[in-house]
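Content type mmCIF, C-alpha atoms, from the file target_11.cif:
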```
data_target
#
loop_
_atom_site.label_atom_id
_atom_site.label_comp_id
_atom_site.auth_asym_id
_atom_site.auth_seq_id
_atom_site.Cartn_x
_atom_site.Cartn_y
_atom_site.Cartn_z
CA MET A 1150 14.62 -1.28 -21.46
CA LYS A 1151 12.16 0.75 -19.42
CA MET A 1152 9.04 -0.43 -17.61
CA ILE A 1153 6.41 2.29 -17.95
CA VAL A 1154 3.44 1.97 -15.63
CA HIS A 1155 0.67 4.46 -16.28
CA ASP A 1156 -2.98 5.29 -15.74
CA LEU A 1157 -3.33 7.45 -18.84
CA GLU A 1158 -6.31 5.48 -20.17
CA GLU A 1159 -8.32 7.43 -17.66
CA ALA A 1160 -6.90 10.67 -19.06
CA GLY A 1161 -7.51 9.59 -22.68
CA GLU A 1162 -3.86 9.86 -23.71
CA ILE A 1163 -3.19 6.46 -25.18
CA SER A 1164 -2.04 7.55 -28.65
CA TRP A 1165 0.72 9.74 -27.19
CA LEU A 1166 1.78 6.93 -24.92
CA ARG A 1167 2.14 4.51 -27.84
CA GLU A 1168 4.78 6.79 -29.30
CA PHE A 1169 6.50 7.56 -25.99
CA GLY A 1170 6.56 3.92 -24.93
CA ALA A 1171 7.50 2.30 -28.25
CA GLY A 1172 9.83 -0.65 -27.67
CA GLN A 1173 9.39 -0.51 -23.88
CA ASP A 1174 7.45 -2.70 -21.45
CA VAL A 1175 4.34 -0.56 -21.09
CA ILE A 1176 1.79 -1.49 -18.45
CA GLY A 1177 -1.60 0.18 -18.50
CA SER A 1178 -5.02 -0.66 -17.20
CA GLU A 1179 -6.40 -1.33 -20.70
CA ASP A 1180 -4.09 -4.34 -21.19
CA ALA A 1181 -5.92 -6.80 -18.93
CA VAL A 1182 -7.87 -6.91 -15.69
CA ILE A 1183 -5.45 -6.71 -12.78
CA ARG A 1184 -6.16 -8.52 -9.53
CA HIS A 1185 -5.26 -7.01 -6.19
CA CYS A 1186 -2.37 -8.44 -4.17
CA THR A 1187 -3.90 -10.64 -1.46
CA GLY A 1188 -0.90 -10.53 0.86
CA CYS A 1189 -0.51 -14.32 0.73
CA PHE A 1190 3.32 -14.19 0.35
CA GLY A 1191 2.97 -16.95 -2.28
CA CYS A 1192 5.40 -15.03 -4.52
CA TRP A 1193 7.99 -15.53 -1.78
CA THR A 1194 7.20 -18.95 -0.36
CA ARG A 1195 5.21 -20.98 -2.94
CA THR A 1196 6.46 -19.94 -6.37
CA PRO A 1197 9.47 -17.74 -5.47
CA GLY A 1198 9.78 -14.81 -7.83
CA THR A 1199 6.35 -15.25 -9.45
CA CYS A 1200 2.94 -14.16 -8.16
CA VAL A 1201 0.47 -17.01 -7.61
CA LEU A 1202 -2.46 -14.98 -8.98
CA LYS A 1203 -2.97 -16.22 -12.51
CA ASP A 1204 -3.31 -13.04 -14.54
CA GLU A 1205 -1.23 -10.99 -16.97
CA TYR A 1206 0.64 -9.32 -14.12
CA ARG A 1207 2.09 -12.35 -12.34
CA HIS A 1208 5.62 -11.94 -13.76
CA LEU A 1209 6.10 -8.28 -12.85
CA GLY A 1210 9.12 -8.98 -10.62
CA ALA A 1211 11.02 -10.79 -13.39
CA ARG A 1212 9.89 -8.22 -15.97
CA LEU A 1213 11.24 -5.41 -13.83
CA ALA A 1214 14.51 -7.28 -13.39
CA VAL A 1215 15.34 -6.89 -17.09
CA CYS A 1216 14.70 -3.14 -17.03
CA ASP A 1217 17.09 -0.36 -16.10
CA GLU A 1218 14.35 2.15 -15.31
CA MET A 1219 10.82 2.07 -13.94
CA ILE A 1220 8.73 5.08 -14.91
CA LEU A 1221 5.49 5.63 -13.02
CA ILE A 1222 2.99 8.02 -14.61
CA SER A 1223 0.17 8.52 -12.17
CA ARG A 1224 -2.54 10.87 -11.09
CA CYS A 1225 -1.48 12.10 -7.64
CA THR A 1226 -3.98 10.50 -5.28
CA TYR A 1227 -3.83 11.78 -1.70
CA GLY A 1228 -0.04 12.04 -2.06
CA GLY A 1229 0.38 8.57 -3.53
CA TYR A 1230 -0.21 6.68 -6.74
CA SER A 1231 -3.60 6.16 -8.37
CA PRO A 1232 -5.29 2.83 -7.56
CA PHE A 1233 -4.11 1.16 -10.80
CA VAL A 1234 -0.45 2.26 -10.50
CA CYS A 1235 -0.54 1.37 -6.80
CA ASN A 1236 -1.93 -2.06 -7.73
CA VAL A 1237 0.93 -2.69 -10.16
CA MET A 1238 3.46 -1.63 -7.51
CA ASN A 1239 1.86 -4.00 -5.00
CA ARG A 1240 2.11 -6.85 -7.51
CA THR A 1241 5.89 -6.34 -8.00
CA LEU A 1242 6.58 -7.72 -4.54
CA SER A 1243 8.38 -10.74 -6.00
CA TYR A 1244 11.11 -8.36 -7.25
CA VAL A 1245 12.57 -8.41 -3.72
CA LEU A 1246 13.24 -11.23 -1.27
CA PRO A 1247 11.33 -11.84 1.96
CA TYR A 1248 14.59 -11.54 3.90
CA PHE A 1249 15.53 -8.33 5.64
CA ARG A 1250 18.50 -5.99 5.70
CA THR A 1251 19.08 -2.73 7.53
CA LEU A 1252 19.37 0.47 5.49
CA GLU A 1253 19.52 3.96 7.03
CA GLY A 1254 18.71 2.37 10.40
CA GLN A 1255 15.50 0.72 9.19
CA THR A 1256 14.51 -2.75 8.08
CA HIS A 1257 14.07 -3.26 4.33
CA HIS A 1258 13.93 -6.21 1.97
CA GLN A 1259 16.99 -7.80 0.44
CA PRO A 1260 17.18 -7.61 -3.35
CA ARG A 1261 16.46 -10.76 -5.39
CA TYR A 1262 18.35 -9.50 -8.44
CA GLU A 1263 21.82 -7.96 -8.80
CA GLN A 1264 20.81 -5.16 -11.13
CA ALA A 1265 19.48 -1.87 -9.77
CA ILE A 1266 16.80 0.23 -11.43
CA ARG A 1267 16.24 3.97 -11.57
CA LEU A 1268 12.81 4.92 -10.28
CA THR A 1269 11.11 7.89 -11.93
CA ALA A 1270 7.69 9.06 -10.83
CA CYS A 1271 5.67 11.65 -12.74
CA PHE A 1272 2.58 12.79 -10.90
CA TYR A 1273 -0.15 14.82 -12.56
CA GLY A 1274 -3.33 16.37 -11.27
CA GLU A 1275 -5.13 19.64 -10.69
CA ASN A 1276 -4.89 21.36 -7.32
CA MET A 1277 -2.31 19.07 -5.75
CA THR A 1278 -1.62 20.45 -2.29
CA GLU A 1279 1.86 21.03 -0.90
CA LYS A 1280 1.20 18.34 1.65
CA GLU A 1281 0.25 15.83 -1.03
CA CYS A 1282 3.40 16.66 -3.04
CA GLY A 1283 5.50 16.24 0.10
CA THR A 1284 3.93 12.86 0.83
CA ALA A 1285 4.44 11.76 -2.79
CA ARG A 1286 8.14 12.75 -2.74
CA SER A 1287 8.69 10.80 0.47
CA LEU A 1288 6.76 7.83 -0.87
CA VAL A 1289 8.87 7.53 -4.03
CA ARG A 1290 12.04 7.87 -1.95
CA ALA A 1291 10.85 5.10 0.39
CA ASN A 1292 9.86 2.85 -2.54
CA ALA A 1293 13.25 3.45 -4.17
CA LEU A 1294 15.03 2.46 -0.98
CA ASN A 1295 12.97 -0.70 -0.59
CA LEU A 1296 13.37 -1.71 -4.24
CA GLY A 1297 17.12 -1.15 -4.04
CA ALA A 1298 16.96 1.54 -6.75
CA GLU A 1299 20.23 3.28 -7.52
CA ARG A 1300 18.45 6.65 -7.75
CA PHE A 1301 15.02 8.20 -8.04
CA GLU A 1302 13.33 11.28 -9.45
CA VAL A 1303 9.93 12.80 -8.73
CA SER A 1304 8.14 15.46 -10.76
CA PHE A 1305 4.71 17.07 -10.67
CA TYR A 1306 2.52 18.45 -13.45
CA ASP A 1307 -0.72 20.38 -13.29
CA ASN A 1308 -2.13 18.40 -16.19
CA VAL A 1309 -1.27 15.69 -18.72
CA ARG A 1310 -0.39 18.24 -21.42
CA GLN A 1311 2.43 19.62 -19.25
CA LEU A 1312 3.56 16.10 -18.47
CA LYS A 1313 3.70 15.19 -22.16
CA GLU A 1314 5.74 18.31 -22.98
CA ALA A 1315 8.22 17.53 -20.23
CA LEU A 1316 8.69 13.92 -21.30
CA ALA A 1317 8.83 14.68 -25.03
CA MET B 57 -22.35 7.44 18.48
CA LYS B 58 -21.99 5.29 15.37
CA ILE B 59 -18.59 3.74 14.74
CA ALA B 60 -17.69 1.89 11.54
CA MET B 61 -14.65 -0.36 11.80
CA ILE B 62 -13.05 -1.27 8.47
CA ASN B 63 -10.73 -4.24 8.21
CA GLY B 64 -8.60 -3.44 5.17
CA SER B 65 -6.66 -6.68 5.04
CA PRO B 66 -7.08 -8.59 1.76
CA LYS B 67 -6.36 -11.92 3.45
CA GLY B 68 -9.15 -14.33 4.30
CA GLY B 69 -9.66 -15.63 7.85
CA ALA B 70 -7.81 -14.19 10.84
CA THR B 71 -5.76 -11.11 10.02
CA ASN B 72 -3.42 -8.76 11.84
CA SER B 73 -5.71 -5.85 11.00
CA GLY B 74 -8.61 -7.82 12.52
CA PHE B 75 -6.46 -8.53 15.59
CA LEU B 76 -6.07 -4.78 16.16
CA LEU B 77 -9.81 -4.17 15.72
CA ASP B 78 -10.57 -6.97 18.19
CA LYS B 79 -8.30 -5.34 20.76
CA LEU B 80 -9.83 -1.90 20.14
CA ARG B 81 -13.50 -2.93 20.35
CA PRO B 82 -13.72 -3.49 24.16
CA LEU B 83 -12.08 -0.10 24.77
CA LEU B 84 -14.68 1.89 22.84
CA PRO B 85 -17.54 3.70 24.61
CA ARG B 86 -20.23 1.22 25.69
CA GLU B 87 -23.04 3.21 24.13
CA ALA B 88 -21.36 3.17 20.72
CA GLU B 89 -23.19 1.43 17.90
CA ILE B 90 -20.42 -0.49 16.16
CA SER B 91 -20.55 -1.98 12.68
CA THR B 92 -17.73 -3.76 10.87
CA TYR B 93 -16.82 -3.95 7.20
CA ARG B 94 -14.29 -6.01 5.32
CA VAL B 95 -12.60 -4.28 2.40
CA GLY B 96 -10.65 -6.85 0.43
CA PRO B 97 -10.28 -7.49 -3.28
CA LYS B 98 -14.10 -7.60 -3.41
CA ALA B 99 -15.55 -4.10 -3.53
CA LEU B 100 -18.03 -2.72 -1.01
CA LYS B 101 -21.68 -2.58 -2.00
CA GLU B 102 -23.55 0.61 -2.82
CA GLU B 103 -25.46 0.47 0.48
CA ASP B 104 -22.21 0.03 2.43
CA TYR B 105 -21.01 3.42 1.18
CA ASP B 106 -24.32 5.00 2.18
CA GLU B 107 -23.94 3.54 5.66
CA LEU B 108 -20.35 4.74 5.96
CA TYR B 109 -21.50 8.28 5.24
CA ARG B 110 -24.04 8.02 8.08
CA THR B 111 -21.41 7.10 10.66
CA ASP B 112 -19.75 9.43 13.19
CA ILE B 113 -16.42 7.67 13.40
CA LEU B 114 -14.53 5.62 10.86
CA VAL B 115 -11.68 3.37 12.01
CA LEU B 116 -9.43 2.00 9.26
CA SER B 117 -7.22 -0.94 10.16
CA PHE B 118 -4.93 -2.10 7.39
CA PRO B 119 -1.52 -3.54 6.51
CA LEU B 120 1.22 -1.42 4.97
CA TYR B 121 1.90 -2.22 1.30
CA PHE B 122 4.86 -0.56 -0.40
CA ASP B 123 5.04 2.17 2.26
CA ALA B 124 1.42 3.11 1.59
CA VAL B 125 -2.23 2.09 1.60
CA PRO B 126 -2.87 -1.21 -0.27
CA SER B 127 -4.49 -0.76 -3.69
CA HIS B 128 -7.83 -2.40 -2.84
CA LEU B 129 -8.33 -0.07 0.12
CA LEU B 130 -7.14 2.93 -1.89
CA ARG B 131 -9.80 2.12 -4.49
CA MET B 132 -12.44 2.11 -1.76
CA MET B 133 -11.15 5.48 -0.53
CA THR B 134 -11.39 7.03 -4.00
CA GLU B 135 -14.89 5.55 -4.41
CA MET B 136 -15.88 7.11 -1.12
CA GLU B 137 -14.56 10.50 -2.20
CA GLN B 138 -16.53 10.29 -5.46
CA ARG B 139 -19.72 9.34 -3.62
CA ARG B 140 -19.47 12.22 -1.18
CA PRO B 141 -23.01 13.53 -0.60
CA VAL B 142 -23.67 16.96 -2.07
CA ASP B 143 -25.71 17.88 0.99
CA GLU B 144 -23.48 20.27 2.96
CA SER B 145 -25.39 19.55 6.16
CA GLN B 146 -23.88 16.07 6.31
CA ARG B 147 -22.40 15.18 9.66
CA THR B 148 -18.66 15.47 10.07
CA ILE B 149 -16.96 12.12 10.12
CA ARG B 150 -13.92 11.63 12.30
CA VAL B 151 -11.35 9.22 10.91
CA TYR B 152 -8.85 7.05 12.79
CA ALA B 153 -6.30 4.61 11.43
CA MET B 154 -4.36 1.62 12.76
CA VAL B 155 -1.60 0.52 10.41
CA ASN B 156 0.50 -2.60 10.87
CA ASN B 157 3.60 -3.33 8.85
CA GLY B 158 5.82 -6.32 8.20
CA PHE B 159 9.04 -4.51 9.03
CA PHE B 160 10.08 -3.92 12.60
CA GLU B 161 9.82 -0.16 12.92
CA GLY B 162 6.37 1.30 13.39
CA ASP B 163 7.38 4.66 11.95
CA GLN B 164 7.57 3.07 8.49
CA CYS B 165 3.76 3.48 8.54
CA LYS B 166 4.12 7.28 8.55
CA LEU B 167 3.47 7.79 4.83
CA ALA B 168 0.36 5.60 4.86
CA VAL B 169 -0.96 7.75 7.71
CA ASN B 170 -0.11 10.89 5.69
CA ILE B 171 -2.14 9.47 2.79
CA VAL B 172 -5.12 8.90 5.10
CA GLU B 173 -4.77 12.49 6.36
CA ASN B 174 -4.67 13.83 2.79
CA TRP B 175 -7.75 11.72 1.95
CA CYS B 176 -9.58 13.24 4.92
CA GLU B 177 -8.82 16.74 3.62
CA ARG B 178 -10.15 15.85 0.15
CA CYS B 179 -13.33 14.34 1.60
CA GLY B 180 -13.99 16.95 4.28
CA PHE B 181 -13.46 14.46 7.11
CA HIS B 182 -11.73 15.27 10.39
CA PHE B 183 -8.58 13.28 10.95
CA GLY B 184 -8.60 12.19 14.61
CA THR B 185 -5.33 10.34 14.97
CA ALA B 186 -3.58 7.12 13.99
CA PHE B 187 -0.94 4.72 15.08
CA GLY B 188 1.52 2.57 13.17
CA HIS B 189 2.79 -0.65 14.69
CA GLY B 190 5.76 -2.64 13.37
CA ALA B 191 6.24 -6.41 13.19
CA GLY B 192 2.54 -7.01 12.58
CA GLU B 193 3.15 -10.65 11.65
CA MET B 194 4.01 -11.28 15.32
CA PHE B 195 0.40 -10.64 16.38
CA SER B 196 -0.81 -14.08 15.28
CA SER B 197 1.55 -15.73 17.76
CA LEU B 198 0.63 -13.38 20.62
CA GLY B 199 -3.10 -14.06 20.82
CA ASN B 200 -2.93 -15.07 24.50
CA VAL B 201 -0.69 -12.20 25.61
CA PRO B 202 -2.67 -9.43 27.35
CA VAL B 203 -2.42 -6.07 25.61
CA GLY B 204 -0.20 -3.77 27.64
CA SER B 205 2.21 -6.45 28.76
CA GLY B 206 5.20 -8.31 27.33
CA PRO B 207 5.74 -7.78 23.61
CA LEU B 208 2.32 -6.05 23.42
CA LYS B 209 3.19 -3.40 26.00
CA ASN B 210 3.63 -0.70 23.36
CA LEU B 211 0.45 -1.76 21.58
CA GLY B 212 -1.30 -0.92 24.85
CA PHE B 213 0.04 2.64 24.66
CA ALA B 214 -0.95 2.89 21.00
CA LEU B 215 -4.54 1.79 21.64
CA GLU B 216 -4.79 4.10 24.65
CA HIS B 217 -3.64 6.97 22.43
CA LEU B 218 -6.32 6.19 19.84
CA VAL B 219 -9.12 5.63 22.34
CA HIS B 220 -8.36 8.88 24.19
CA SER B 221 -8.78 10.80 20.96
CA ILE B 222 -12.00 8.93 20.08
CA ARG B 223 -13.52 9.62 23.50
CA SER B 224 -12.42 13.25 23.77
CA GLY B 225 -12.96 14.16 20.13
CA GLU B 226 -9.60 15.91 20.17
CA HIS B 227 -7.07 15.59 17.37
CA ALA B 228 -3.76 14.03 18.35
CA GLU B 229 -0.50 13.57 16.48
CA PRO B 230 0.00 10.03 15.11
CA PHE B 231 1.87 7.56 17.26
CA PHE B 232 4.38 4.99 15.98
CA THR B 233 5.73 2.03 17.86
CA GLN B 234 6.87 -1.59 17.64
CA PRO B 235 6.76 -4.66 19.87
CA LYS B 236 8.70 -4.59 23.10
CA PHE B 237 11.00 -7.25 21.75
CA PRO B 238 14.65 -7.23 20.56
CA ARG B 239 14.89 -6.43 16.86
CA PHE B 240 17.64 -9.00 16.17
CA LEU B 241 15.50 -11.76 17.71
CA TRP B 242 12.50 -10.67 15.63
CA GLN B 243 14.64 -10.73 12.48
CA LEU B 244 16.08 -14.14 13.33
CA SER B 245 12.69 -15.67 14.12
CA SER B 246 11.05 -14.18 11.03
CA THR B 247 13.72 -15.79 8.85
CA ARG B 248 14.06 -19.15 10.58
CA LEU B 249 10.50 -19.74 11.73
CA PHE B 250 8.28 -17.66 9.46
CA TRP B 251 9.89 -17.71 5.99
CA HIS B 252 11.74 -21.01 6.22
CA GLY B 253 8.74 -22.59 7.95
CA ALA B 254 6.45 -21.45 5.13
CA ALA B 255 8.93 -22.71 2.51
CA LYS B 256 9.07 -26.13 4.16
CA LYS B 257 5.26 -26.38 4.20
CA ASN B 258 5.35 -25.77 0.45
CA GLY B 259 8.01 -28.40 -0.14
CA LEU B 260 10.78 -25.85 -0.73
CA LYS B 261 14.23 -25.41 0.77
CA PRO B 262 15.47 -22.04 2.08
CA LYS B 263 17.75 -21.62 -0.96
CA ASP B 264 14.69 -22.01 -3.24
CA LEU B 265 13.28 -18.74 -1.90
CA ARG B 266 16.15 -16.93 -3.68
CA ARG B 267 15.17 -18.27 -7.12
CA ARG B 268 15.29 -15.92 -10.07
CA PRO B 269 12.61 -17.02 -12.52
CA GLY B 270 13.43 -16.85 -16.20
CA ILE B 271 12.49 -13.83 -18.24
CA PRO B 272 8.86 -14.19 -19.27
CA PRO B 273 7.72 -13.26 -22.78
CA ILE B 274 7.15 -9.50 -22.76
CA ARG B 275 4.84 -7.86 -25.27
CA LEU B 276 6.71 -4.67 -26.02
CA SER B 277 4.68 -1.67 -26.95
CA PRO B 278 4.65 -1.40 -30.78
CA PRO B 279 5.63 1.84 -32.53
CA GLU B 280 2.64 4.09 -33.12
CA ASN B 281 2.60 3.43 -36.89
CA ASP B 282 2.31 -0.32 -36.36
CA VAL B 283 -0.85 -0.07 -34.32
CA LYS B 284 -3.94 -1.23 -36.19
CA ARG B 285 -6.69 1.34 -36.01
#
```

Translate the structure described by the file into structure tokens.
Amino acid sequence: MKMIVHDLEEAGEISWLREFGAGQDVIGSEDAVIRHCTGCFGCWTRTPGTCVLKDEYRHLGARLAVCDEMILISRCTYGGYSPFVCNVMNRTLSYVLPYFRTLEGQTHHQPRYEQAIRLTACFYGENMTEKECGTARSLVRANALNLGAERFEVSFYDNVRQLKEALA
Amino acid sequence: MKIAMINGSPKGGATNSGFLLDKLRPLLPREAEISTYRVGPKALKEEDYDELYRTDILVLSFPLYFDAVPSHLLRMMTEMEQRRPVDESQRTIRVYAMVNNGFFEGDQCKLAVNIVENWCERCGFHFGTAFGHGAGEMFSSLGNVPVGSGPLKNLGFALEHLVHSIRSGEHAEPFFTQPKFPRFLWQLSSTRLFWHGAAKKNGLKPKDLRRRPGIPPIRLSPPENDVKR
């Protein structure tokens, strides 16, 4: 199964997404109001593996653990994800453990689960600069490393139409 | 000179981002008119954005989330871009950033700094400089240590770097550092004291922190034809 996190409500592309995401765990901003991560570490030290914020997004770590791929569809925002997609990423903290390990000479989190996902990020937006694309590529790579992903892919599209054609 | 200091930590009470702002404040020019803002899960008010656009210098202090800017602060940044005054004669705002992260290495803050730089370009702000400091969770236990000595020696250099750019108005390359403290000792103390200590306070044992909660009910996206219109 795939977890598809998107901000396409803002782009008015929900009907296409229903077809593309049929049978998958699709997470969009129209589903429910998402609260911001408060950095309390409760998902590590109070209710390990589950966020303490009581909303629809509290089980994201466990939901991701039954997926083999996480697909992020996001407007490129200063070389990162849009606020909603970023919010969902922040709320998946329980997917990893608080403990550390060293990878490529740097500290990262230990995995909570044995399985490894593929991380695919599709950025769209008009007039993305080279610098923003470079930041976005590095960001997805860094996220993949920290989530223990087995591999990652990053792609860029000038608009949602191009993105839809590429994913079709 | 008007300086707006933004604490971008979503936590209530004392924060590591606030710790950095507290250490910066006495080093700023005496004549500066300083105002502080807290950007957490609660959004800024309309008048706050107007005030931010009337400032000369903006200092963002925030924790690193997923190698980037946390979502609540990112939302404020996008709001600020959308509210950019149409008046081209607006003053040029210089932006500075202090990023703290929970890992040891300060250079893991590099991408968050890049995002701030890209935001500045979109908004027409001047990016002054930034620093990233690792092991931010250590700050709370170092409240009595003078900046520039012991584990906070490198923080002294980082603040000096930022303040020099603020005073001179010159752009400087970002600076990344970590506490002057052995990494293996930091890792050991974070596990034994910080994580296991927090678990104990919550009535949990260290092995409980490795729990794998059961699969929650997932509402899978229905095929397009099944969707009621």

What are the residues of chain A that have an atom within 8 Å of an atom of chain B, counting only C-alpha atoms, as a ChimeraX atom specification?
/A:1164,1167-1168,1170-1175,1184-1189,1193-1195,1197-1199,1208,1211-1212,1215,1227-1229,1232-1233,1235-1236,1238-1239,1246-1249,1255-1257,1261-1262,1280-1281,1284,1287-1288,1291-1292

Would you output that residue set with C-alpha atoms, as a CSV table (one decimal), in the coordinates of the input?
```csv
chain,number,residue,atom,x,y,z
A,1164,SER,CA,-2.0,7.6,-28.6
A,1167,ARG,CA,2.1,4.5,-27.8
A,1168,GLU,CA,4.8,6.8,-29.3
A,1170,GLY,CA,6.6,3.9,-24.9
A,1171,ALA,CA,7.5,2.3,-28.2
A,1172,GLY,CA,9.8,-0.6,-27.7
A,1173,GLN,CA,9.4,-0.5,-23.9
A,1174,ASP,CA,7.4,-2.7,-21.4
A,1175,VAL,CA,4.3,-0.6,-21.1
A,1184,ARG,CA,-6.2,-8.5,-9.5
A,1185,HIS,CA,-5.3,-7.0,-6.2
A,1186,CYS,CA,-2.4,-8.4,-4.2
A,1187,THR,CA,-3.9,-10.6,-1.5
A,1188,GLY,CA,-0.9,-10.5,0.9
A,1189,CYS,CA,-0.5,-14.3,0.7
A,1193,TRP,CA,8.0,-15.5,-1.8
A,1194,THR,CA,7.2,-19.0,-0.4
A,1195,ARG,CA,5.2,-21.0,-2.9
A,1197,PRO,CA,9.5,-17.7,-5.5
A,1198,GLY,CA,9.8,-14.8,-7.8
A,1199,THR,CA,6.4,-15.2,-9.4
A,1208,HIS,CA,5.6,-11.9,-13.8
A,1211,ALA,CA,11.0,-10.8,-13.4
A,1212,ARG,CA,9.9,-8.2,-16.0
A,1215,VAL,CA,15.3,-6.9,-17.1
A,1227,TYR,CA,-3.8,11.8,-1.7
A,1228,GLY,CA,0.0,12.0,-2.1
A,1229,GLY,CA,0.4,8.6,-3.5
A,1232,PRO,CA,-5.3,2.8,-7.6
A,1233,PHE,CA,-4.1,1.2,-10.8
A,1235,CYS,CA,-0.5,1.4,-6.8
A,1236,ASN,CA,-1.9,-2.1,-7.7
A,1238,MET,CA,3.5,-1.6,-7.5
A,1239,ASN,CA,1.9,-4.0,-5.0
A,1246,LEU,CA,13.2,-11.2,-1.3
A,1247,PRO,CA,11.3,-11.8,2.0
A,1248,TYR,CA,14.6,-11.5,3.9
A,1249,PHE,CA,15.5,-8.3,5.6
A,1255,GLN,CA,15.5,0.7,9.2
A,1256,THR,CA,14.5,-2.8,8.1
A,1257,HIS,CA,14.1,-3.3,4.3
A,1261,ARG,CA,16.5,-10.8,-5.4
A,1262,TYR,CA,18.4,-9.5,-8.4
A,1280,LYS,CA,1.2,18.3,1.6
A,1281,GLU,CA,0.2,15.8,-1.0
A,1284,THR,CA,3.9,12.9,0.8
A,1287,SER,CA,8.7,10.8,0.5
A,1288,LEU,CA,6.8,7.8,-0.9
A,1291,ALA,CA,10.8,5.1,0.4
A,1292,ASN,CA,9.9,2.8,-2.5
```

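Here atom CA of A:Val1245 stands at a distance of 23.9 Å from atom CA of B:Ser196.
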
Leaving out stretch 101-111 of chain B and any residue of its chain fewer than 4 positions from it, which residues lie within 7 Å of it when counting only C-alpha atoms, given as a PyMOL selection string?
chain B and resi 58-60+136+149

Go ahead and write the residues just picked, C-alpha atoms, as a short mmCIF file (atom, residue, chain, number, x, y, z; two decimals), in the coordinates of the input.
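Result written to again.cif:
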```
data_model
loop_
_atom_site.label_atom_id
_atom_site.label_comp_id
_atom_site.auth_asym_id
_atom_site.auth_seq_id
_atom_site.Cartn_x
_atom_site.Cartn_y
_atom_site.Cartn_z
CA LYS B 58 -21.99 5.29 15.37
CA ILE B 59 -18.59 3.74 14.74
CA ALA B 60 -17.69 1.89 11.54
CA MET B 136 -15.88 7.11 -1.12
CA ILE B 149 -16.96 12.12 10.12
#
```

Around stretch 1175-1182 of chain A, fit a box with edges along x, y and z, padding it by 4 Å on each side, then list its centre and edge lengths in Å to one decimal as lines of an AutoDock Vina configuration file.
```
center_x = -1.8
center_y = -3.4
center_z = -18.4
size_x = 20.2
size_y = 15.1
size_z = 13.5
```

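Atom pair atom CA of A:Ala1265 / atom CA of B:Val155: separated by 29.3 Å.
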
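Computed from the coordinates, the atom CA of A:Arg1240 to atom CA of A:His1155 distance equals 14.4 Å.
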
Take the PyMOL selection byres ((chain B and resi 235) around 10), apply it to the structure above, and return the hits as a PDB file with C-alpha atoms, in the frame of the given file.
```pdb
ATOM      1  CA  PHE B 160      10.080  -3.920  12.600  1.00  0.00           C
ATOM      2  CA  GLU B 161       9.820  -0.160  12.920  1.00  0.00           C
ATOM      3  CA  GLY B 162       6.370   1.300  13.390  1.00  0.00           C
ATOM      4  CA  HIS B 189       2.790  -0.650  14.690  1.00  0.00           C
ATOM      5  CA  GLY B 190       5.760  -2.640  13.370  1.00  0.00           C
ATOM      6  CA  ALA B 191       6.240  -6.410  13.190  1.00  0.00           C
ATOM      7  CA  GLY B 192       2.540  -7.010  12.580  1.00  0.00           C
ATOM      8  CA  MET B 194       4.010 -11.280  15.320  1.00  0.00           C
ATOM      9  CA  PHE B 195       0.400 -10.640  16.380  1.00  0.00           C
ATOM     10  CA  GLY B 206       5.200  -8.310  27.330  1.00  0.00           C
ATOM     11  CA  PRO B 207       5.740  -7.780  23.610  1.00  0.00           C
ATOM     12  CA  LEU B 208       2.320  -6.050  23.420  1.00  0.00           C
ATOM     13  CA  LYS B 209       3.190  -3.400  26.000  1.00  0.00           C
ATOM     14  CA  ASN B 210       3.630  -0.700  23.360  1.00  0.00           C
ATOM     15  CA  LEU B 211       0.450  -1.760  21.580  1.00  0.00           C
ATOM     16  CA  THR B 233       5.730   2.030  17.860  1.00  0.00           C
ATOM     17  CA  GLN B 234       6.870  -1.590  17.640  1.00  0.00           C
ATOM     18  CA  LYS B 236       8.700  -4.590  23.100  1.00  0.00           C
ATOM     19  CA  PHE B 237      11.000  -7.250  21.750  1.00  0.00           C
ATOM     20  CA  PRO B 238      14.650  -7.230  20.560  1.00  0.00           C
ATOM     21  CA  ARG B 239      14.890  -6.430  16.860  1.00  0.00           C
ATOM     22  CA  TRP B 242      12.500 -10.670  15.630  1.00  0.00           C
TER      23      TRP B 242
END
```

Skipping near chain neighbours, those fewer than 2 positions away, what residues fall within 12 Å of B:Leu77 using all atoms listed in the file, listed as a ChimeraX atom specification?
/B:59-65,70-75,79-84,90-94,114-118,152-156,215,218-219

Leaving out A:Cys1200 and any residue of its chain fewer than 6 positions from it, which residues lie within 9 Å of it when counting all atoms listed in the file, given as a PyMOL selection string?
chain A and resi 1186+1190-1193+1206-1210+1240-1243

For the structure shown, which residues end up in the PyMOL selection byres ((chain B and resi 230) around 6)? Put them as an NGL selection string, please?
:B and (185-187 or 229 or 231)

Care to translate the PyMOL selection byres ((chain A and resi 1216-1225) around 9) into actual residues of this file, as number ranges by chain?
A: 1150-1157, 1174, 1212-1215, 1226-1231, 1233-1235, 1264-1275, 1277, 1281-1282, 1285, 1298, 1305, 1312
